[in-house]
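Below is model.cif, which holds mmCIF, C-alpha atoms (C1' of nucleotides).
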data_work
loop_
_atom_site.label_atom_id
_atom_site.label_comp_id
_atom_site.auth_asym_id
_atom_site.auth_seq_id
_atom_site.Cartn_x
_atom_site.Cartn_y
_atom_site.Cartn_z
CA MET A 2 1.98 -23.08 29.78
CA GLU A 3 -0.02 -25.51 31.86
CA ASN A 4 -2.69 -26.22 29.35
CA ILE A 5 -1.28 -27.42 26.09
CA LYS A 6 -4.05 -29.84 25.23
CA SER A 7 -6.64 -27.12 24.95
CA GLU A 8 -4.17 -25.15 22.84
CA THR A 9 -4.49 -21.95 24.78
CA CYS A 10 -0.70 -21.70 24.62
CA ARG A 11 -0.70 -21.77 20.89
CA ASN A 12 -3.58 -19.37 20.65
CA GLY A 13 -1.98 -16.98 23.10
CA VAL A 14 1.30 -16.96 21.24
CA GLU A 15 -0.44 -16.48 17.93
CA ALA A 16 -2.54 -13.62 19.27
CA SER A 17 0.69 -11.84 20.20
CA LEU A 18 2.21 -12.60 16.84
CA GLU A 19 -0.76 -11.03 15.10
CA ILE A 20 0.12 -7.73 16.72
CA ILE A 21 3.85 -7.59 16.14
CA VAL A 22 4.12 -9.39 12.80
CA GLY A 23 4.21 -7.16 9.79
CA LYS A 24 7.15 -5.89 7.86
CA TRP A 25 7.15 -2.51 9.62
CA LYS A 26 5.23 -2.99 12.85
CA PRO A 27 8.13 -3.66 15.22
CA ILE A 28 10.08 -0.62 14.12
CA ILE A 29 6.95 1.55 14.19
CA LEU A 30 6.26 0.44 17.74
CA LEU A 31 9.85 1.01 18.81
CA HIS A 32 9.86 4.52 17.39
CA LEU A 33 6.62 5.41 19.14
CA LEU A 34 7.75 3.81 22.39
CA HIS A 35 11.04 5.68 22.40
CA GLY A 36 10.16 8.88 20.60
CA GLY A 37 6.65 9.51 21.88
CA THR A 38 3.88 11.08 19.84
CA GLN A 39 4.72 11.64 16.19
CA ARG A 40 3.09 12.98 13.08
CA PHE A 41 2.57 10.92 9.96
CA GLY A 42 5.23 12.79 8.03
CA GLU A 43 7.76 12.43 10.85
CA MET A 44 7.25 8.69 10.88
CA LYS A 45 7.68 8.55 7.16
CA ARG A 46 11.00 10.35 7.47
CA LEU A 47 12.12 7.98 10.21
CA LEU A 48 11.34 4.97 8.00
CA PRO A 49 13.03 5.99 4.78
CA ASN A 50 12.10 2.92 2.78
CA ILE A 51 8.45 2.56 3.69
CA THR A 52 5.74 3.56 1.22
CA GLN A 53 2.81 5.70 2.30
CA LYS A 54 0.49 2.86 1.59
CA MET A 55 2.30 0.48 3.92
CA LEU A 56 2.72 3.07 6.67
CA THR A 57 -0.98 3.88 6.57
CA ALA A 58 -1.96 0.21 6.52
CA GLN A 59 0.23 -0.81 9.44
CA LEU A 60 -0.82 2.19 11.51
CA ARG A 61 -4.48 1.41 10.87
CA GLU A 62 -4.06 -2.19 12.01
CA LEU A 63 -2.27 -1.15 15.19
CA GLU A 64 -5.00 1.40 15.85
CA GLU A 65 -7.71 -1.21 15.32
CA GLN A 66 -5.99 -3.36 17.93
CA ASP A 67 -5.85 -0.52 20.49
CA ILE A 68 -2.04 -0.50 20.43
CA ILE A 69 -1.71 3.04 19.08
CA GLU A 70 -3.93 6.11 19.06
CA ARG A 71 -4.65 8.28 16.02
CA LYS A 72 -5.51 11.91 16.63
CA VAL A 73 -6.73 14.07 13.76
CA TYR A 74 -6.55 17.86 14.01
CA ALA A 75 -9.14 19.76 11.96
CA GLU A 76 -6.63 22.07 10.34
CA VAL A 77 -5.43 23.01 6.91
CA PRO A 78 -3.01 21.54 6.08
CA PRO A 79 -4.08 18.33 7.82
CA LYS A 80 -2.24 17.15 10.91
CA VAL A 81 -2.45 13.63 12.30
CA GLU A 82 -0.56 12.43 15.34
CA TYR A 83 0.14 8.89 16.42
CA SER A 84 1.04 7.68 19.90
CA ILE A 85 1.28 4.47 21.89
CA THR A 86 -1.72 3.76 24.10
CA GLU A 87 -1.32 2.72 27.70
CA TYR A 88 -2.42 -0.70 26.59
CA GLY A 89 0.17 -0.69 23.81
CA ARG A 90 2.89 -0.06 26.36
CA SER A 91 2.22 -3.49 27.81
CA LEU A 92 3.97 -4.88 24.73
CA TYR A 93 7.25 -3.36 25.83
CA GLY A 94 8.39 -6.38 27.81
CA ILE A 95 7.89 -8.69 24.86
CA LEU A 96 9.73 -6.40 22.45
CA GLN A 97 12.54 -5.98 24.99
CA GLN A 98 12.92 -9.72 25.44
CA MET A 99 12.76 -10.35 21.70
CA HIS A 100 15.40 -7.70 21.17
CA GLU A 101 17.77 -9.27 23.69
CA TRP A 102 17.28 -12.80 22.39
CA GLY A 103 17.54 -11.60 18.80
CA VAL A 104 20.84 -9.81 19.33
CA SER A 105 22.42 -12.87 20.90
CA HIS A 106 20.91 -15.01 18.16
CA MET A 107 22.53 -12.87 15.47
CA GLU A 108 25.88 -13.45 17.19
CA HIS A 109 25.15 -17.16 17.42
CA MET A 110 24.47 -17.44 13.69
CA ALA A 111 27.48 -15.27 12.83
CA LYS A 112 29.73 -17.71 14.68
CA LYS A 113 28.07 -20.67 13.03
CA ASN A 114 28.55 -19.26 9.55
CA SER A 115 32.20 -18.39 10.16
CA ARG A 116 33.04 -22.00 11.01
CA MET B 18 16.78 -0.67 24.00
CA GLU B 19 19.40 2.01 24.46
CA ASN B 20 20.48 2.19 20.89
CA ILE B 21 17.57 2.98 18.65
CA LYS B 22 19.48 5.09 16.17
CA SER B 23 21.65 2.25 15.03
CA GLU B 24 18.53 0.13 14.75
CA THR B 25 19.93 -2.78 16.71
CA CYS B 26 16.58 -2.90 18.50
CA ARG B 27 14.71 -3.38 15.29
CA ASN B 28 17.17 -5.90 14.00
CA GLY B 29 17.10 -7.84 17.23
CA VAL B 30 13.33 -8.00 17.30
CA GLU B 31 13.20 -9.02 13.67
CA ALA B 32 15.80 -11.72 14.17
CA SER B 33 13.54 -13.22 16.85
CA LEU B 34 10.52 -12.90 14.63
CA GLU B 35 12.27 -14.82 11.89
CA ILE B 36 12.45 -17.81 14.20
CA ILE B 37 8.94 -17.88 15.60
CA VAL B 38 6.98 -16.59 12.63
CA GLY B 39 5.46 -19.24 10.45
CA LYS B 40 2.01 -20.64 10.47
CA TRP B 41 3.02 -23.74 12.44
CA LYS B 42 6.28 -22.87 14.15
CA PRO B 43 4.93 -21.76 17.52
CA ILE B 44 2.83 -24.86 18.01
CA ILE B 45 5.64 -27.12 16.80
CA LEU B 46 7.98 -25.53 19.33
CA LEU B 47 5.43 -25.81 22.12
CA HIS B 48 4.85 -29.49 21.41
CA LEU B 49 8.57 -30.24 21.39
CA LEU B 50 9.17 -28.15 24.51
CA HIS B 51 6.39 -29.87 26.43
CA GLY B 52 6.37 -33.33 24.88
CA GLY B 53 10.09 -33.89 24.29
CA THR B 54 11.52 -35.85 21.39
CA GLN B 55 8.97 -36.88 18.79
CA ARG B 56 8.87 -38.74 15.49
CA PHE B 57 7.68 -37.14 12.29
CA GLY B 58 4.48 -39.18 12.26
CA GLU B 59 3.69 -38.31 15.88
CA MET B 60 4.00 -34.63 15.13
CA LYS B 61 1.77 -35.00 12.14
CA ARG B 62 -0.86 -36.64 14.32
CA LEU B 63 -0.57 -33.86 16.90
CA LEU B 64 -1.14 -31.22 14.19
CA PRO B 65 -4.18 -32.64 12.42
CA ASN B 66 -4.49 -29.89 9.82
CA ILE B 67 -0.89 -29.54 8.71
CA THR B 68 0.26 -30.96 5.40
CA GLN B 69 3.42 -33.05 5.15
CA LYS B 70 4.97 -30.39 3.00
CA MET B 71 4.45 -27.66 5.58
CA LEU B 72 5.58 -29.83 8.48
CA THR B 73 8.76 -30.75 6.65
CA ALA B 74 9.42 -27.17 5.60
CA GLN B 75 8.96 -25.66 9.05
CA LEU B 76 11.03 -28.38 10.71
CA ARG B 77 13.83 -27.81 8.20
CA GLU B 78 13.90 -24.10 8.91
CA LEU B 79 14.01 -24.62 12.64
CA GLU B 80 16.79 -27.15 12.18
CA GLU B 81 18.75 -24.74 10.01
CA GLN B 82 18.51 -22.18 12.80
CA ASP B 83 19.79 -24.64 15.45
CA ILE B 84 16.47 -24.53 17.31
CA ILE B 85 15.64 -28.19 16.82
CA GLU B 86 17.66 -31.32 16.11
CA ARG B 87 16.84 -33.91 13.45
CA LYS B 88 18.04 -37.45 14.04
CA VAL B 89 17.73 -40.02 11.27
CA TYR B 90 17.86 -43.74 12.09
CA ALA B 91 19.15 -45.98 9.30
CA GLU B 92 16.27 -48.43 9.51
CA VAL B 93 13.54 -49.80 7.32
CA PRO B 94 10.99 -48.37 7.60
CA PRO B 95 12.67 -44.98 8.12
CA LYS B 96 12.57 -43.32 11.52
CA VAL B 97 13.29 -39.65 12.12
CA GLU B 98 13.15 -37.97 15.50
CA TYR B 99 12.95 -34.28 16.28
CA SER B 100 13.86 -32.58 19.54
CA ILE B 101 14.53 -29.11 20.92
CA THR B 102 18.19 -28.20 21.18
CA GLU B 103 19.61 -26.64 24.32
CA TYR B 104 19.84 -23.44 22.33
CA GLY B 105 16.23 -23.76 21.26
CA ARG B 106 15.18 -23.91 24.90
CA SER B 107 16.35 -20.34 25.31
CA LEU B 108 13.22 -19.33 23.36
CA TYR B 109 11.02 -20.57 26.17
CA GLY B 110 10.88 -17.24 27.99
CA ILE B 111 9.76 -15.40 24.89
CA LEU B 112 7.05 -17.93 24.09
CA GLN B 113 5.90 -17.87 27.71
CA GLN B 114 5.64 -14.09 27.74
CA MET B 115 3.88 -14.02 24.39
CA HIS B 116 1.44 -16.62 25.64
CA GLU B 117 0.60 -14.60 28.73
CA TRP B 118 0.23 -11.32 26.87
CA GLY B 119 -1.74 -13.01 24.11
CA VAL B 120 -4.26 -14.58 26.48
CA SER B 121 -4.97 -11.26 28.16
CA HIS B 122 -5.12 -9.59 24.76
CA MET B 123 -7.78 -12.02 23.58
CA GLU B 124 -9.82 -11.07 26.63
CA HIS B 125 -9.23 -7.40 25.93
CA MET B 126 -10.51 -7.69 22.37
CA ALA B 127 -13.46 -9.82 23.44
CA LYS B 128 -14.56 -7.05 25.80
CA LYS B 129 -14.04 -4.41 23.14
CA ASN B 130 -16.16 -6.27 20.61
CA SER B 131 -18.98 -6.85 23.08
CA ARG B 132 -19.38 -3.12 23.70
"C1'" DC C 1 7.64 -43.93 6.98
"C1'" DG C 2 9.31 -39.70 5.86
"C1'" DG C 3 9.75 -37.26 2.68
"C1'" DG C 4 10.46 -34.55 -2.55
"C1'" DA C 5 8.36 -32.27 -6.75
"C1'" DT C 6 4.85 -29.71 -8.89
"C1'" DC C 7 1.00 -26.80 -9.47
"C1'" DC C 8 -2.22 -23.38 -7.73
"C1'" DA C 9 -4.68 -19.86 -4.75
"C1'" DA C 10 -4.31 -16.32 -1.41
"C1'" DT C 11 -1.97 -12.79 0.70
"C1'" DC C 12 1.67 -9.42 1.20
"C1'" DC C 13 4.14 -5.77 -0.35
"C1'" DG C 14 6.07 -2.07 -3.59
"C1'" DA C 15 5.49 1.46 -7.31
"C1'" DT C 16 2.86 4.84 -9.09
"C1'" DA C 17 -0.82 8.11 -9.74
"C1'" DC C 18 -4.39 10.87 -7.85
"C1'" DT C 19 -7.04 13.82 -4.01
"C1'" DG C 20 -9.48 16.87 -0.19
"C1'" DC D 18 -0.13 16.94 4.62
"C1'" DA D 19 -2.00 12.74 4.89
"C1'" DG D 20 -3.93 10.01 2.81
"C1'" DT D 21 -6.83 6.59 -1.22
"C1'" DA D 22 -6.89 3.67 -5.56
"C1'" DT D 23 -4.98 0.56 -8.67
"C1'" DC D 24 -1.76 -2.62 -10.69
"C1'" DG D 25 1.54 -6.20 -10.58
"C1'" DG D 26 5.41 -8.94 -8.66
"C1'" DA D 27 6.94 -11.74 -4.85
"C1'" DT D 28 6.12 -14.69 -1.11
"C1'" DT D 29 3.38 -18.04 1.56
"C1'" DG D 30 0.65 -21.89 2.21
"C1'" DG D 31 -2.39 -25.85 0.50
"C1'" DA D 32 -3.47 -30.05 -2.62
"C1'" DT D 33 -1.89 -33.70 -4.99
"C1'" DC D 34 1.18 -37.11 -6.81
"C1'" DC D 35 5.42 -39.72 -6.67
"C1'" DC D 36 9.61 -42.16 -4.37
"C1'" DG D 37 13.28 -45.21 -1.70
#
Take the structure from the file and write it as structure tokens.
Amino acid sequence: MENIKSETCRNGVEASLEIIVGKWKPIILLHLLHGGTQRFGEMKRLLPNITQKMLTAQLRELEEQDIIERKVYAEVPPKVEYSITEYGRSLYGILQQMHEWGVSHMEHMAKKNSR
Amino acid sequence: MENIKSETCRNGVEASLEIIVGKWKPIILLHLLHGGTQRFGEMKRLLPNITQKMLTAQLRELEEQDIIERKVYAEVPPKVEYSITEYGRSLYGILQQMHEWGVSHMEHMAKKNSR
DNA sequence: CGGGATCCAATCCGATACTG
DNA sequence: CAGTATCGGATTGGATCCCG
């Protein structure tokens, strides 16, 4: 954070946000991080409220950014598997820290609203 | 991250995202973290492209979430100062980690696109 | 000086239907 | 099974004008 005038801080933070912002991206990443490789249909079952369109779109963006890998099997019926890349795993620390801060923040706001 | 079935991970991460997502929130937080207390007009000068409406809106949200403090002086002309709360400072680690990951990610994508 | 109110454009997201 | 295409509502962000 030594270089605020050149705005590398801001740009760095926003580059990270681009990856993890999206209505379904955090939970997609968490499922792949914890559950390993999964098929499209499995993911859809794990995210009961997502539409196919959104699932496809978010997976495509994460793939484009090298965070997940998409593997297509030339079979009938089609089979497509998604997994976290090694590079994608480097996001784990951020998600972990956000999770911890977020949980304590939810408690903080609960207290505030009960006053 | 032990408890994925109950989705506390997801909720925690999304609670954090609610705070730092917003076109101008990260840079507002960085300026207040590094530069200390600042007046509305100073912030507007530091963020040359922001509109008054957006600056006001983002500051109000951060205030509502106890991340920043708004102090109004009963003077003419009006004077309003904004500062990070002690609680808001607890976000520093997340922003720092996102900055570091983001900078290396920008390098990663630059390499990818030059191939 | 530090806003509030209003209008408008762009983007995001969901629902639904169709397909190799 | 794993998508694509299309429509429309909701949300987000910008431009402009007004106010104590």
Next on the checklist: Starting from the PyMOL selection byres ((chain A) within 10 of (chain B)), expand the selection into actual residues of this file and give them as a PyMOL selection string.
Outcome noted: chain A and resi 2-3+5-6+8-32+35-36+47+65-67+88+91-92+94-107+109-110+113
Next on the checklist: When the PyMOL selection byres ((chain A) within 12 of (chain C)) is applied to the structure above, which residues does it catch, written out as a count of residues only?
Outcome noted: 16
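For the structure in this document, the set picked by the PyMOL selection byres ((chain D) within 12 of (chain A)) is DC18, DA19, DG20, DT21, DA22 and DT23 of chain D.
Taking atom CA of A:Tyr83 and atom CA of B:Ser131 as endpoints, the distance between them is 25.6 Å.
Note that the spacing between atom CA of A:Thr86 and atom CA of B:Tyr109 amounts to 27.5 Å.
Rounded to one decimal, atom CA of B:Gly53 and atom CA of B:Val89 lie 16.3 Å from each other.
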Checklist entry - Could you pull the residues within 9 Å of A:Leu33, counting only C-alpha atoms (C1' of nucleotides), minus those fewer than 5 positions along the same chain, as a list in words? => result Ile28, Thr38, Gln39, Met44, Ile69, Tyr83, Ser84 and Ile85 of chain A
Dump C-alpha atoms for the selected residues as a compact mmCIF listing (two decimals), keeping the file's coordinate frame?
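This went into again37.txt:
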# COMPACT_ATOMS: atom_id res chain seq x y z
CA ILE A 28 10.08 -0.62 14.12
CA THR A 38 3.88 11.08 19.84
CA GLN A 39 4.72 11.64 16.19
CA MET A 44 7.25 8.69 10.88
CA ILE A 69 -1.71 3.04 19.08
CA TYR A 83 0.14 8.89 16.42
CA SER A 84 1.04 7.68 19.90
CA ILE A 85 1.28 4.47 21.89
